[in-house]
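Structure file coords-v6.cif; described as mmCIF, C-alpha atoms.
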data_work
#
loop_
_atom_site.group_PDB
_atom_site.id
_atom_site.type_symbol
_atom_site.label_atom_id
_atom_site.label_comp_id
_atom_site.auth_asym_id
_atom_site.auth_seq_id
_atom_site.Cartn_x
_atom_site.Cartn_y
_atom_site.Cartn_z
ATOM 1 C CA MET A 1 -75.723 -42.154 0.311
ATOM 2 C CA TYR A 2 -77.431 -38.860 1.169
ATOM 3 C CA ALA A 3 -80.819 -40.566 1.422
ATOM 4 C CA TRP A 4 -79.304 -43.131 3.792
ATOM 5 C CA ILE A 5 -77.886 -40.365 6.005
ATOM 6 C CA PHE A 6 -81.206 -38.476 5.932
ATOM 7 C CA ARG A 7 -83.199 -41.585 6.872
ATOM 8 C CA HIS A 8 -80.924 -42.308 9.832
ATOM 9 C CA LEU A 9 -81.124 -38.829 11.352
ATOM 10 C CA PRO A 10 -83.321 -38.723 14.468
ATOM 11 C CA GLY A 11 -86.481 -36.708 14.908
ATOM 12 C CA PRO A 12 -89.341 -35.405 12.793
ATOM 13 C CA LEU A 13 -88.925 -34.096 9.265
ATOM 14 C CA TRP A 14 -88.284 -30.479 10.264
ATOM 15 C CA LEU A 15 -85.523 -31.547 12.657
ATOM 16 C CA ARG A 16 -83.895 -33.779 10.048
ATOM 17 C CA ILE A 17 -83.910 -30.899 7.558
ATOM 18 C CA ALA A 18 -82.366 -28.552 10.130
ATOM 19 C CA THR A 19 -79.744 -31.143 11.082
ATOM 20 C CA SER A 20 -78.931 -31.701 7.412
ATOM 21 C CA LEU A 21 -78.427 -27.971 6.881
ATOM 22 C CA VAL A 22 -76.146 -27.772 9.919
ATOM 23 C CA LEU A 23 -74.107 -30.749 8.678
ATOM 24 C CA ILE A 24 -73.753 -29.159 5.236
ATOM 25 C CA ALA A 25 -72.673 -25.845 6.807
ATOM 26 C CA VAL A 26 -70.090 -27.597 8.988
ATOM 27 C CA ALA A 27 -68.727 -29.472 5.975
ATOM 28 C CA LEU A 28 -68.426 -26.236 3.983
ATOM 29 C CA VAL A 29 -66.681 -24.403 6.825
ATOM 30 C CA LEU A 30 -64.196 -27.252 7.259
ATOM 31 C CA MET A 31 -63.438 -27.288 3.535
ATOM 32 C CA VAL A 32 -62.908 -23.512 3.398
ATOM 33 C CA GLN A 33 -60.753 -23.479 6.532
ATOM 34 C CA PHE A 34 -58.581 -26.547 5.942
ATOM 35 C CA LEU A 35 -59.027 -28.333 2.611
ATOM 36 C CA PHE A 36 -58.963 -25.437 0.145
ATOM 37 C CA PRO A 37 -55.875 -23.678 1.627
ATOM 38 C CA TRP A 38 -53.988 -26.979 1.672
ATOM 39 C CA MET A 39 -55.074 -27.751 -1.899
ATOM 40 C CA SER A 40 -54.050 -24.313 -3.201
ATOM 41 C CA GLU A 41 -50.399 -25.140 -2.540
ATOM 42 C CA TYR A 42 -50.584 -27.989 -5.054
ATOM 43 C CA THR A 43 -52.636 -26.375 -7.834
ATOM 44 C CA GLN A 44 -51.527 -23.968 -10.501
ATOM 45 C CA PHE A 45 -54.655 -21.807 -10.451
ATOM 46 C CA THR A 46 -53.014 -19.211 -8.214
ATOM 47 C CA ASP A 47 -49.863 -18.915 -10.336
ATOM 48 C CA SER A 48 -49.808 -15.609 -12.151
ATOM 49 C CA THR A 49 -48.469 -15.308 -15.690
ATOM 50 C CA ILE A 50 -48.938 -11.544 -16.029
ATOM 51 C CA GLY A 51 -45.623 -9.870 -16.619
ATOM 52 C CA SER A 52 -43.691 -13.111 -17.095
ATOM 53 C CA ALA A 53 -43.351 -12.759 -20.890
ATOM 54 C CA SER A 54 -40.656 -10.490 -22.235
ATOM 55 C CA GLN A 55 -41.903 -7.327 -23.892
ATOM 56 C CA PRO A 56 -40.714 -6.737 -27.497
#
Produce structure tokens that represent the structure in this file.
Amino acid sequence: MYAWIFRHLPGPLWLRIATSLVLIAVALVLMVQFLFPWMSEYTQFTDSTIGSASQP
């Protein structure tokens, strides 16, 4: 899939590499801004268990 995308990008090799890096950066920014905050509501990784057990 990535090779197909890379082959279909316009321009010489240096421009395709630059475009690929921009596309990767945009994808990462979108995931950090929208996907990960939405996903954190449905995962248990942010639930804290410190202090929830009774102390003897």
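Non-sequential neighbours of Ser20 of chain A (distance at most 10 Å, separation of 5 or more positions within a chain, all atoms listed in the file) are A:Tyr2, A:Ile5, A:Phe6, A:Leu9, A:Trp14, A:Leu15, A:Ala25, A:Val26.
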Legend entry - Pairwise distance for atom CA of Leu28 of chain A and atom CA of Trp4 of chain A, rounded to one decimal in Å: 20.1 Å
Inset, instruction - In Å, rounded to a single decimal, give me how far atom CA of Ala3 of chain A is from atom CA of Ala27 of chain A. - result: 17.0 Å
For segment 24-35 of chain A, supply all heavy atoms and report the output as a PDB file, in the frame of the given file.
ATOM      1  N   ILE A  24     -74.284 -29.727   6.477  1.00  0.00           N
ATOM      2  CA  ILE A  24     -73.753 -29.159   5.236  1.00  0.00           C
ATOM      3  C   ILE A  24     -72.928 -27.915   5.538  1.00  0.00           C
ATOM      4  O   ILE A  24     -71.838 -27.730   4.984  1.00  0.00           O
ATOM      5  CB  ILE A  24     -74.906 -28.845   4.259  1.00  0.00           C
ATOM      6  CG1 ILE A  24     -75.507 -30.145   3.741  1.00  0.00           C
ATOM      7  CG2 ILE A  24     -74.430 -27.980   3.115  1.00  0.00           C
ATOM      8  CD1 ILE A  24     -76.801 -29.966   2.979  1.00  0.00           C
ATOM      9  N   ALA A  25     -73.415 -27.058   6.448  1.00  0.00           N
ATOM     10  CA  ALA A  25     -72.673 -25.845   6.807  1.00  0.00           C
ATOM     11  C   ALA A  25     -71.342 -26.182   7.461  1.00  0.00           C
ATOM     12  O   ALA A  25     -70.317 -25.560   7.159  1.00  0.00           O
ATOM     13  CB  ALA A  25     -73.519 -24.977   7.729  1.00  0.00           C
ATOM     14  N   VAL A  26     -71.336 -27.180   8.337  1.00  0.00           N
ATOM     15  CA  VAL A  26     -70.090 -27.597   8.988  1.00  0.00           C
ATOM     16  C   VAL A  26     -69.109 -28.138   7.957  1.00  0.00           C
ATOM     17  O   VAL A  26     -67.908 -27.821   7.992  1.00  0.00           O
ATOM     18  CB  VAL A  26     -70.382 -28.635  10.099  1.00  0.00           C
ATOM     19  CG1 VAL A  26     -69.114 -29.311  10.572  1.00  0.00           C
ATOM     20  CG2 VAL A  26     -71.098 -27.973  11.252  1.00  0.00           C
ATOM     21  N   ALA A  27     -69.600 -28.926   7.015  1.00  0.00           N
ATOM     22  CA  ALA A  27     -68.727 -29.472   5.975  1.00  0.00           C
ATOM     23  C   ALA A  27     -68.126 -28.353   5.126  1.00  0.00           C
ATOM     24  O   ALA A  27     -66.928 -28.374   4.806  1.00  0.00           O
ATOM     25  CB  ALA A  27     -69.496 -30.458   5.099  1.00  0.00           C
ATOM     26  N   LEU A  28     -68.928 -27.355   4.776  1.00  0.00           N
ATOM     27  CA  LEU A  28     -68.426 -26.236   3.983  1.00  0.00           C
ATOM     28  C   LEU A  28     -67.380 -25.420   4.746  1.00  0.00           C
ATOM     29  O   LEU A  28     -66.352 -25.034   4.182  1.00  0.00           O
ATOM     30  CB  LEU A  28     -69.579 -25.338   3.553  1.00  0.00           C
ATOM     31  CG  LEU A  28     -70.491 -25.910   2.478  1.00  0.00           C
ATOM     32  CD1 LEU A  28     -71.692 -24.990   2.256  1.00  0.00           C
ATOM     33  CD2 LEU A  28     -69.741 -26.112   1.188  1.00  0.00           C
ATOM     34  N   VAL A  29     -67.637 -25.165   6.018  1.00  0.00           N
ATOM     35  CA  VAL A  29     -66.681 -24.403   6.825  1.00  0.00           C
ATOM     36  C   VAL A  29     -65.357 -25.161   6.941  1.00  0.00           C
ATOM     37  O   VAL A  29     -64.279 -24.574   6.809  1.00  0.00           O
ATOM     38  CB  VAL A  29     -67.265 -24.092   8.220  1.00  0.00           C
ATOM     39  CG1 VAL A  29     -66.197 -23.605   9.178  1.00  0.00           C
ATOM     40  CG2 VAL A  29     -68.374 -23.076   8.102  1.00  0.00           C
ATOM     41  N   LEU A  30     -65.421 -26.465   7.161  1.00  0.00           N
ATOM     42  CA  LEU A  30     -64.196 -27.252   7.259  1.00  0.00           C
ATOM     43  C   LEU A  30     -63.419 -27.254   5.946  1.00  0.00           C
ATOM     44  O   LEU A  30     -62.186 -27.173   5.947  1.00  0.00           O
ATOM     45  CB  LEU A  30     -64.519 -28.688   7.686  1.00  0.00           C
ATOM     46  CG  LEU A  30     -64.963 -28.851   9.132  1.00  0.00           C
ATOM     47  CD1 LEU A  30     -65.390 -30.293   9.402  1.00  0.00           C
ATOM     48  CD2 LEU A  30     -63.860 -28.433  10.087  1.00  0.00           C
ATOM     49  N   MET A  31     -64.132 -27.318   4.829  1.00  0.00           N
ATOM     50  CA  MET A  31     -63.438 -27.288   3.535  1.00  0.00           C
ATOM     51  C   MET A  31     -62.773 -25.941   3.299  1.00  0.00           C
ATOM     52  O   MET A  31     -61.628 -25.886   2.836  1.00  0.00           O
ATOM     53  CB  MET A  31     -64.412 -27.601   2.397  1.00  0.00           C
ATOM     54  CG  MET A  31     -64.753 -29.057   2.288  1.00  0.00           C
ATOM     55  SD  MET A  31     -65.633 -29.471   0.791  1.00  0.00           S
ATOM     56  CE  MET A  31     -67.240 -28.786   1.135  1.00  0.00           C
ATOM     57  N   VAL A  32     -63.470 -24.847   3.619  1.00  0.00           N
ATOM     58  CA  VAL A  32     -62.908 -23.512   3.398  1.00  0.00           C
ATOM     59  C   VAL A  32     -61.732 -23.258   4.327  1.00  0.00           C
ATOM     60  O   VAL A  32     -60.738 -22.638   3.934  1.00  0.00           O
ATOM     61  CB  VAL A  32     -64.008 -22.432   3.563  1.00  0.00           C
ATOM     62  CG1 VAL A  32     -63.415 -21.046   3.642  1.00  0.00           C
ATOM     63  CG2 VAL A  32     -65.002 -22.523   2.427  1.00  0.00           C
ATOM     64  N   GLN A  33     -61.806 -23.739   5.554  1.00  0.00           N
ATOM     65  CA  GLN A  33     -60.753 -23.479   6.532  1.00  0.00           C
ATOM     66  C   GLN A  33     -59.520 -24.359   6.341  1.00  0.00           C
ATOM     67  O   GLN A  33     -58.400 -23.893   6.564  1.00  0.00           O
ATOM     68  CB  GLN A  33     -61.297 -23.691   7.950  1.00  0.00           C
ATOM     69  CG  GLN A  33     -62.279 -22.649   8.381  1.00  0.00           C
ATOM     70  CD  GLN A  33     -61.624 -21.295   8.545  1.00  0.00           C
ATOM     71  OE1 GLN A  33     -60.526 -21.181   9.072  1.00  0.00           O
ATOM     72  NE2 GLN A  33     -62.300 -20.265   8.095  1.00  0.00           N
ATOM     73  N   PHE A  34     -59.701 -25.617   5.953  1.00  0.00           N
ATOM     74  CA  PHE A  34     -58.581 -26.547   5.942  1.00  0.00           C
ATOM     75  C   PHE A  34     -58.271 -27.146   4.570  1.00  0.00           C
ATOM     76  O   PHE A  34     -57.124 -27.176   4.157  1.00  0.00           O
ATOM     77  CB  PHE A  34     -58.839 -27.691   6.936  1.00  0.00           C
ATOM     78  CG  PHE A  34     -58.999 -27.212   8.346  1.00  0.00           C
ATOM     79  CD1 PHE A  34     -60.235 -27.185   8.951  1.00  0.00           C
ATOM     80  CD2 PHE A  34     -57.904 -26.763   9.066  1.00  0.00           C
ATOM     81  CE1 PHE A  34     -60.391 -26.726  10.238  1.00  0.00           C
ATOM     82  CE2 PHE A  34     -58.034 -26.300  10.349  1.00  0.00           C
ATOM     83  CZ  PHE A  34     -59.283 -26.275  10.945  1.00  0.00           C
ATOM     84  N   LEU A  35     -59.277 -27.621   3.864  1.00  0.00           N
ATOM     85  CA  LEU A  35     -59.027 -28.333   2.611  1.00  0.00           C
ATOM     86  C   LEU A  35     -58.573 -27.402   1.491  1.00  0.00           C
ATOM     87  O   LEU A  35     -57.576 -27.672   0.828  1.00  0.00           O
ATOM     88  CB  LEU A  35     -60.282 -29.102   2.177  1.00  0.00           C
ATOM     89  CG  LEU A  35     -60.147 -29.876   0.865  1.00  0.00           C
ATOM     90  CD1 LEU A  35     -59.135 -30.998   1.022  1.00  0.00           C
ATOM     91  CD2 LEU A  35     -61.490 -30.402   0.437  1.00  0.00           C
TER      92      LEU A  35
END
